[in-house]
file target.txt (compact mmCIF, C-alpha atoms)
# COMPACT_ATOMS: atom_id res chain seq x y z
CA MET A 7 153.21 91.32 58.42
CA LYS A 8 150.67 92.36 55.77
CA ASN A 9 147.57 90.54 54.55
CA ASN A 10 145.38 92.37 52.00
CA ASN A 11 143.98 95.38 53.92
CA ILE A 12 145.33 94.23 57.31
CA SER A 13 148.86 94.87 58.56
CA ILE A 14 150.53 94.54 61.96
CA GLU A 15 153.49 96.29 63.58
CA TYR A 16 155.48 95.59 66.71
CA GLY A 17 156.01 98.37 69.24
CA LYS A 18 156.35 102.11 68.79
CA LYS A 19 156.58 102.48 65.02
CA THR A 20 154.43 104.03 62.29
CA TYR A 21 150.99 103.09 63.60
CA PHE A 22 151.89 104.24 67.11
CA ASN A 23 152.67 107.71 65.74
CA GLU A 24 149.56 107.71 63.55
CA LEU A 25 147.42 107.08 66.63
CA LEU A 26 149.19 109.85 68.54
CA THR A 27 148.33 112.16 65.64
CA GLU A 28 144.68 111.10 65.90
CA ASN A 29 144.56 111.64 69.67
CA LYS A 30 147.48 112.29 72.02
CA LYS A 31 145.65 110.75 74.99
CA ILE A 32 145.07 107.30 73.50
CA PHE A 33 148.02 105.55 75.11
CA SER A 34 147.83 107.28 78.49
CA GLY A 35 144.09 106.60 78.43
CA LEU A 36 144.63 102.90 77.73
CA HIS A 37 147.07 102.72 80.60
CA ALA A 38 144.65 104.45 82.99
CA ALA A 39 141.57 102.49 81.92
CA PHE A 40 142.95 99.02 81.16
CA GLY A 41 146.53 98.89 82.49
CA TYR A 42 148.39 98.77 79.17
CA ASP A 43 152.15 99.13 79.69
CA PHE A 44 153.75 100.52 76.56
CA GLU A 45 157.26 99.99 77.88
CA LEU A 46 156.60 96.26 77.45
CA PRO A 47 155.93 94.37 74.18
CA PHE A 48 152.73 95.17 72.28
CA HIS A 49 151.48 95.08 68.69
CA ILE A 50 149.23 97.37 66.63
CA ILE A 51 147.09 96.11 63.76
CA LYS A 52 145.94 98.60 61.12
CA ILE A 53 142.96 97.79 58.92
CA GLU A 54 141.77 99.83 55.94
CA GLY A 55 138.22 99.02 54.87
CA LYS A 56 135.95 96.12 55.78
CA TYR A 57 137.02 93.41 58.21
CA THR A 58 135.77 90.72 60.55
CA ILE A 59 136.72 89.90 64.13
CA ASN A 60 138.07 86.58 62.86
CA GLN A 61 140.49 88.44 60.56
CA ILE A 62 141.79 90.42 63.55
CA LEU A 63 142.33 87.24 65.56
CA LYS A 64 143.98 85.49 62.63
CA ALA A 65 146.45 88.37 62.15
CA ALA A 66 147.12 88.50 65.90
CA GLY A 67 147.74 84.74 65.98
CA GLN A 68 150.39 85.09 63.29
CA ALA A 69 152.27 87.75 65.26
CA GLY A 70 155.38 86.77 67.18
CA TRP A 71 153.45 86.65 70.46
CA THR A 72 150.54 84.54 69.07
CA TYR A 73 147.83 86.57 70.77
CA THR A 74 144.41 85.06 71.51
CA ILE A 75 141.27 86.28 73.26
CA LYS A 76 142.27 84.31 76.37
CA ASN A 77 145.82 85.61 76.73
CA ALA A 78 145.60 89.17 75.38
CA LEU A 79 143.55 92.36 75.49
CA PHE A 80 142.38 93.80 72.17
CA ALA A 81 141.55 97.53 72.19
CA ILE A 82 139.90 98.61 68.92
CA PHE A 83 139.93 102.21 67.69
CA THR A 84 137.87 102.77 64.55
CA LYS A 85 136.15 105.44 62.48
CA ASP A 86 134.16 105.86 59.30
CA CYS A 87 136.17 108.28 57.14
CA ASN A 88 133.10 109.11 55.04
CA CYS A 89 131.03 110.12 58.06
CA THR A 90 130.07 113.78 57.67
CA TRP A 91 129.26 114.56 61.32
CA ASN A 92 132.01 112.69 63.17
CA LYS A 93 135.46 111.77 61.85
CA ASP A 94 136.93 111.01 65.28
CA LEU A 95 138.01 107.61 66.53
CA SER A 96 135.69 105.56 68.72
CA PHE A 97 136.83 102.59 70.78
CA CYS A 98 135.78 99.26 72.25
CA THR A 99 137.46 96.01 73.30
CA LEU A 100 136.93 92.42 72.19
CA GLU A 101 134.91 90.23 74.52
CA SER A 102 135.03 87.00 72.54
CA GLU A 103 135.72 85.64 69.09
CA LYS A 104 132.29 86.85 67.98
CA THR A 105 131.54 90.14 69.70
CA ILE A 106 132.85 93.28 71.37
CA ASP A 107 132.74 94.12 75.05
CA ILE A 108 130.25 96.82 75.99
CA ASN A 109 132.37 97.92 78.94
CA HIS A 110 132.14 101.01 81.12
CA ARG A 111 135.77 102.13 81.02
CA TYR A 112 136.51 105.46 79.42
CA ILE A 113 139.35 107.22 77.66
CA ASP A 114 139.35 111.00 77.88
CA GLY A 115 138.26 112.61 74.63
CA ILE A 116 137.35 109.39 72.79
CA ASP A 117 133.80 108.14 72.30
CA ARG A 118 133.12 104.64 73.61
CA ILE A 119 131.23 102.36 71.22
CA SER A 120 128.30 101.40 73.42
CA HIS A 121 126.26 99.40 70.90
CA LYS A 122 127.31 96.29 69.01
CA GLY A 123 125.25 97.47 66.05
CA THR A 124 127.31 100.66 65.81
CA PHE A 125 130.53 98.64 65.76
CA ASN A 126 129.22 96.30 63.07
CA ASP A 127 128.04 99.23 60.92
CA ILE A 128 131.51 100.80 60.96
CA ARG A 129 133.53 97.61 60.39
CA LYS A 130 131.49 96.80 57.27
CA LYS A 131 132.33 100.10 55.54
CA ASP A 132 134.94 100.41 52.79
CA ALA A 133 135.96 103.80 54.20
CA ALA A 134 136.65 102.49 57.71
CA ILE A 135 140.06 102.95 59.31
CA THR A 136 140.76 100.74 62.31
CA TYR A 137 143.64 100.24 64.73
CA VAL A 138 143.79 97.32 67.16
CA ILE A 139 146.24 97.61 70.05
CA ILE A 140 147.14 94.22 71.54
CA GLN A 141 149.09 93.30 74.66
CA ASN A 142 149.46 90.10 76.63
CA LYS A 143 147.32 90.19 79.75
CA LYS A 144 150.28 89.17 81.91
CA MET A 145 151.94 92.46 81.01
CA LEU A 146 148.97 94.61 82.01
CA SER A 147 149.24 96.51 85.24
CA VAL A 148 146.30 97.04 87.59
CA PRO A 149 144.83 100.33 86.30
CA ASN A 150 144.46 103.13 88.77
CA ASN A 151 145.20 100.96 91.76
CA LYS A 152 144.59 103.57 94.44
CA PRO A 153 143.13 103.38 97.96
CA GLU A 154 139.44 103.67 98.67
CA ILE A 155 138.25 107.12 99.70
CA ASP A 156 136.18 108.24 102.65
CA ILE A 157 133.44 110.63 101.49
CA ASN A 158 133.47 112.26 104.93
CA ASN A 159 137.04 113.54 104.43
CA ARG A 160 138.26 116.57 102.49
CA TYR A 161 140.21 116.23 99.25
CA ASN A 162 141.78 118.25 96.45
CA ALA A 163 141.07 117.26 92.84
CA THR A 164 144.38 116.62 91.05
CA SER A 165 142.96 115.52 87.69
CA VAL A 166 139.62 114.92 86.00
CA ILE A 167 138.88 112.14 83.49
CA TYR A 168 136.04 112.74 81.04
CA SER A 169 134.09 110.30 78.92
CA GLY A 170 132.72 111.20 75.51
CA ASN A 171 134.13 113.86 73.22
CA THR A 172 135.51 116.69 75.35
CA ARG A 173 135.40 119.14 72.45
CA TYR A 174 131.61 119.26 72.75
CA TYR A 175 130.33 120.45 76.13
CA TYR A 176 126.97 118.70 75.85
CA ARG A 177 128.74 115.36 75.22
CA LYS A 178 131.36 115.75 77.95
CA ASN A 179 130.77 113.74 81.11
CA ILE A 180 133.01 113.47 84.17
CA HIS A 181 133.78 109.78 84.71
CA ASN A 182 136.39 109.74 87.46
CA ILE A 183 138.53 112.15 89.46
CA ASP A 184 141.97 111.76 91.01
CA LEU A 185 141.96 113.13 94.55
CA SER A 186 144.56 113.85 97.19
CA ASP A 187 144.25 114.39 100.92
CA GLY A 188 147.81 115.74 101.12
CA ASN A 189 149.32 112.35 101.97
CA LYS A 190 147.78 109.80 99.60
CA GLU A 191 146.37 109.73 96.09
CA TYR A 192 142.82 108.42 95.58
CA LYS A 193 140.52 107.74 92.65
CA TYR A 194 136.82 108.51 92.75
CA GLN A 195 134.90 106.73 89.95
CA PHE A 196 131.16 106.86 89.50
CA GLN A 197 128.30 106.20 87.08
CA TYR A 198 125.15 108.30 87.16
CA ASN A 199 122.37 108.93 84.68
CA GLY A 200 122.76 112.09 82.65
CA TYR A 201 125.81 114.25 82.09
CA ILE A 202 127.91 115.77 84.88
CA ASN A 203 129.95 118.54 83.26
CA ASN A 204 131.19 120.57 86.24
CA ILE A 205 133.58 119.42 88.93
CA SER A 206 131.60 121.55 91.40
CA ASP A 207 128.78 118.99 91.01
CA VAL A 208 131.15 116.35 92.38
CA ILE A 209 133.30 118.08 95.00
CA ASP A 210 132.47 121.36 96.75
CA LYS A 211 134.76 124.30 97.57
CA SER A 212 135.51 122.85 101.00
CA GLY A 213 136.78 119.61 99.47
CA TYR A 214 133.86 117.39 100.39
CA ILE A 215 132.50 114.91 97.84
CA VAL A 216 128.86 115.90 97.39
CA ILE A 217 127.79 113.99 94.28
CA ALA A 218 126.61 110.89 96.17
CA LYS A 219 124.50 112.95 98.58
CA LYS A 220 123.09 115.03 95.72
CA GLU A 221 122.14 111.94 93.73
CA ASP A 222 120.60 110.35 96.81
CA LEU A 223 118.52 113.46 97.45
CA LYS A 224 117.43 113.56 93.80
CA MET A 225 116.34 109.93 93.89
CA ARG A 226 114.46 110.35 97.16
CA SER A 227 112.81 113.51 95.89
CA ALA A 228 111.75 111.79 92.66
CA ALA A 229 110.38 108.81 94.60
CA LEU A 230 108.38 111.08 96.92
CA ARG A 231 107.00 113.02 93.96
CA LEU A 232 105.88 109.79 92.25
CA ASP A 233 104.31 108.53 95.48
CA ARG A 234 102.36 111.78 95.89
CA GLN A 235 101.15 111.67 92.29
CA LYS A 236 100.11 108.03 92.71
CA ALA A 237 98.20 108.83 95.92
CA VAL A 238 96.37 111.70 94.22
CA VAL A 239 95.26 109.68 91.18
CA ASP A 240 94.20 106.71 93.34
CA ALA A 241 91.92 109.01 95.37
CA ILE A 242 90.10 110.44 92.33
CA ASP A 243 86.71 108.99 91.38
CA TYR A 244 86.59 108.46 87.61
CA SER A 245 83.15 106.81 87.52
CA LYS A 246 81.68 109.85 85.73
CA GLU A 247 84.22 109.61 82.91
CA ILE A 248 83.73 105.84 82.59
CA THR A 249 79.94 106.23 82.44
CA GLU A 250 80.24 108.98 79.83
CA LEU A 251 82.42 106.81 77.58
CA GLU A 252 80.11 103.81 78.02
CA GLU A 253 77.14 105.94 76.92
CA ILE A 254 79.03 107.18 73.84
CA ILE A 255 79.99 103.59 72.95
CA THR A 256 76.37 102.43 73.33
CA LYS A 257 75.11 105.23 71.04
CA LYS A 258 77.85 104.53 68.51
CA ARG A 259 77.05 100.81 68.54
CA THR A 260 73.33 101.56 68.00
CA LEU A 261 74.09 103.87 65.06
CA LEU A 262 76.39 101.31 63.44
CA ALA A 263 73.78 98.58 63.88
CA ALA A 264 71.18 100.78 62.18
CA GLU A 265 73.57 101.56 59.32
CA LEU A 266 74.32 97.86 58.92
CA ALA A 267 70.62 97.00 58.80
CA ASN A 268 70.08 99.52 56.01
CA ALA A 269 73.32 98.79 54.11
CA ILE A 270 72.45 97.31 50.74
CA THR A 271 75.38 98.21 48.50
CA TYR A 272 78.96 97.03 48.73
CA GLU A 273 80.11 100.61 49.25
CA ALA A 274 77.83 101.05 52.25
CA LEU A 275 79.10 97.85 53.85
CA GLU A 276 82.69 98.83 53.18
CA GLY A 277 82.07 102.20 54.84
CA ILE A 278 80.79 100.46 57.99
CA GLN A 279 83.77 98.11 57.96
CA LYS A 280 86.16 101.08 57.87
CA GLN A 281 84.40 102.67 60.82
CA LEU A 282 84.82 99.44 62.77
CA THR A 283 88.37 98.40 61.90
CA TRP A 284 90.18 101.32 60.20
CA TYR A 285 93.74 100.63 61.36
CA ASN A 286 94.01 101.77 65.01
CA ASP A 287 91.39 104.50 64.71
CA GLY A 288 88.26 102.40 64.30
CA PHE A 289 85.40 101.70 66.69
CA ALA A 290 86.87 98.32 67.67
CA ALA A 291 90.16 99.97 68.65
CA ALA A 292 88.30 102.58 70.70
CA VAL A 293 86.35 99.88 72.58
CA ARG A 294 89.55 97.92 73.21
CA LYS A 295 91.27 101.01 74.61
CA PHE A 296 88.23 101.84 76.73
CA GLU A 297 88.21 98.37 78.28
CA SER A 298 91.90 98.72 79.10
CA PHE A 299 91.28 102.22 80.48
CA LYS A 300 88.43 101.02 82.70
CA ALA A 301 90.47 98.08 84.03
CA SER A 302 93.45 100.34 84.78
CA VAL A 303 91.28 102.89 86.60
CA ASN A 304 89.48 100.26 88.68
CA GLY A 305 92.75 98.45 89.37
CA LYS A 306 94.46 101.72 90.31
CA LYS A 307 97.30 101.09 87.86
CA TYR A 308 97.77 104.67 86.68
CA ARG A 309 100.81 106.49 88.07
CA ASN A 310 99.37 109.99 87.88
CA ALA A 311 96.26 111.94 86.85
CA ASN A 312 97.88 113.19 83.66
CA GLU A 313 98.11 109.63 82.30
CA VAL A 314 94.38 109.14 82.97
CA ASN A 315 93.45 112.42 81.28
CA ILE A 316 95.53 111.61 78.19
CA ASP A 317 93.96 108.15 77.75
CA TYR A 318 90.46 109.51 78.40
CA ALA A 319 90.89 112.27 75.79
CA ASN A 320 92.34 109.83 73.28
CA ILE A 321 89.42 107.39 73.60
CA LYS A 322 86.89 110.21 73.39
CA GLU A 323 88.55 111.47 70.21
CA LEU A 324 88.42 108.00 68.66
CA LEU A 325 84.70 107.76 69.43
CA ALA A 326 83.89 111.20 68.02
call {"tool": "encode", "arguments": {"input": "target.txt", "output": "structure tokens"}}
result
Amino acid sequence: MKNNNISIEYGKKTYFNELLTENKKIFSGLHAAFGYDFELPFHIIKIEGKYTINQILKAAGQAGWTYTIKNALFAIFTKDCNCTWNKDLSFCTLESEKTIDINHRYIDGIDRISHKGTFNDIRKKDAAITYVIIQNKKMLSVPNNKPEIDINNRYNATSVIYSGNTRYYYRKNIHNIDLSDGNKEYKYQFQYNGYINNISDVIDKSGYIVIAKKEDLKMRSAALRLDRQKAVVDAIDYSKEITELEEIITKKRTLLAAELANAITYEALEGIQKQLTWYNDGFAAAVRKFESFKASVNGKKYRNANEVNIDYANIKELLA
């Protein structure tokens, strides 16, 4: 079936091979992440140029299997062919008739579209190439249905699944690992902040899973460090700094009042006005920031001494 810039094929035909040319891991990745079974019926839509989600659903509804959001899974692989820094496919899935699903499932070597704005930017481009792989949800298998692991046991890593683009080390992040204890196969999947590039950060040479303990230690260490910094800043007496700023403000206010009393010309008045309200650098802004600074110090709202010093220096500079 073909409709303007949108066409749809059944099964392993031209578009299937085109996707394999783009990335050989697409179909195995879809099976691992979402449970696609490519031995059972499926369709692929190809779109060249701009499109809407409604156009995808309309084309899918006209296919022999009459796919809808409720009965099928729509995996979208798209790219902007005019993009100078990245010509690789990115993927997402449809959540509803209006938006994509910002999910946390990964396919090795393919960037996940993590922002709806990014998806909308690409789909509105004339140079966009998009493939939509559709399969009835009843035909999907349970992806990676493996037993739960015991982090106190030893395991061997049999395979590693990365998120992001594995060609670039700084963008490569371990997402899950297949493990074996010699008798059973297990899957260890995790989400942590930052990038984990080395398997040694997840499982040590003895076969023990260490990532959870490492992350726990990091979090506890960070919390202790913040608590210590908070205790230090709460114990410091900043009355001297507050008094100093109050004296500067009083002198500045007196000088401005004198200038105002002697201002006769329009230019003189305008000069005083600029000193008072010049964007965020005027006297009024400095007084506002000082009042906030004083309230935060007295209310012990600062997290560390560095924050206090930065705000103090900034206010003093504004008053100079």
call {"tool": "residues_around", "arguments": {"input": "target.txt", "residues": "A:Asn310", "least_positions_apart": "5", "cutoff": "7 Å", "atoms": "only C-alpha atoms", "output": "PDB file with C-alpha atoms, in the coordinates of the input"}}
result
ATOM      1  CA  GLN A 235     101.150 111.670  92.290  1.00  0.00           C
ATOM      2  CA  LYS A 236     100.110 108.030  92.710  1.00  0.00           C
ATOM      3  CA  VAL A 239      95.260 109.680  91.180  1.00  0.00           C
TER       4      VAL A 239
END
call {"tool": "closest_residue", "arguments": {"input": "target.txt", "among": "A:Ala237, A:Leu282, A:Leu95, A:Leu36", "to": "A:Thr136", "atoms": "all atoms listed in the file"}}
result
A:Leu95
call {"tool": "residues_around", "arguments": {"input": "target.txt", "residues": "stretch 247-258 of chain A", "least_positions_apart": "2", "cutoff": "9 Å", "atoms": "all atoms listed in the file", "output": "PyMOL selection string"}}
result
chain A and resi 243-245+260-263+289+292-293+296+299-300+318+321-322+325-326
call {"tool": "closest_residue", "arguments": {"input": "target.txt", "among": "A:Gly115, A:Gly213, A:Gly123, A:Gly35", "to": "A:Leu185", "atoms": "all atoms listed in the file"}}
result
A:Gly213
call {"tool": "closest_residue", "arguments": {"input": "target.txt", "among": "A:Thr58, A:Ser302, A:Asn158, A:Ser147", "to": "A:Asn11", "atoms": "all atoms listed in the file"}}
result
A:Thr58
call {"tool": "atom_distance", "arguments": {"input": "target.txt", "atom1": "atom CA of A:Asp156", "atom2": "atom CA of A:Asp43"}}
result
29.4 Å
call {"tool": "residues_around", "arguments": {"input": "target.txt", "residues": "stretch 60-64 of chain A", "least_positions_apart": "4", "cutoff": "7 Å", "atoms": "all atoms listed in the file", "output": "PyMOL selection string"}}
result
chain A and resi 68+74+103
call {"tool": "closest_residue", "arguments": {"input": "target.txt", "among": "A:Ile113, A:Leu79, A:Leu275, A:Leu25", "to": "A:Ala38", "atoms": "all atoms listed in the file"}}
result
A:Ile113
call {"tool": "residues_around", "arguments": {"input": "target.txt", "residues": "A:Asp210", "least_positions_apart": "6", "cutoff": "10 Å", "atoms": "only C-alpha atoms", "output": "NGL selection string"}}
result
:A and (160-162 or 216-217)
call {"tool": "atom_distance", "arguments": {"input": "target.txt", "atom1": "atom CA of A:Asn142", "atom2": "atom CA of A:Ile75"}}
result
9.6 Å
call {"tool": "closest_residue", "arguments": {"input": "target.txt", "among": "A:Glu15, A:Asn126, A:Glu28, A:Asn159", "to": "A:Val138", "atoms": "only C-alpha atoms"}}
result
A:Glu15
call {"tool": "residues_around", "arguments": {"input": "target.txt", "residues": "A:Ile119", "least_positions_apart": "2", "cutoff": "9 Å", "atoms": "all atoms listed in the file", "output": "PyMOL selection string"}}
result
chain A and resi 96-98+108-109+117+121-122+124-125
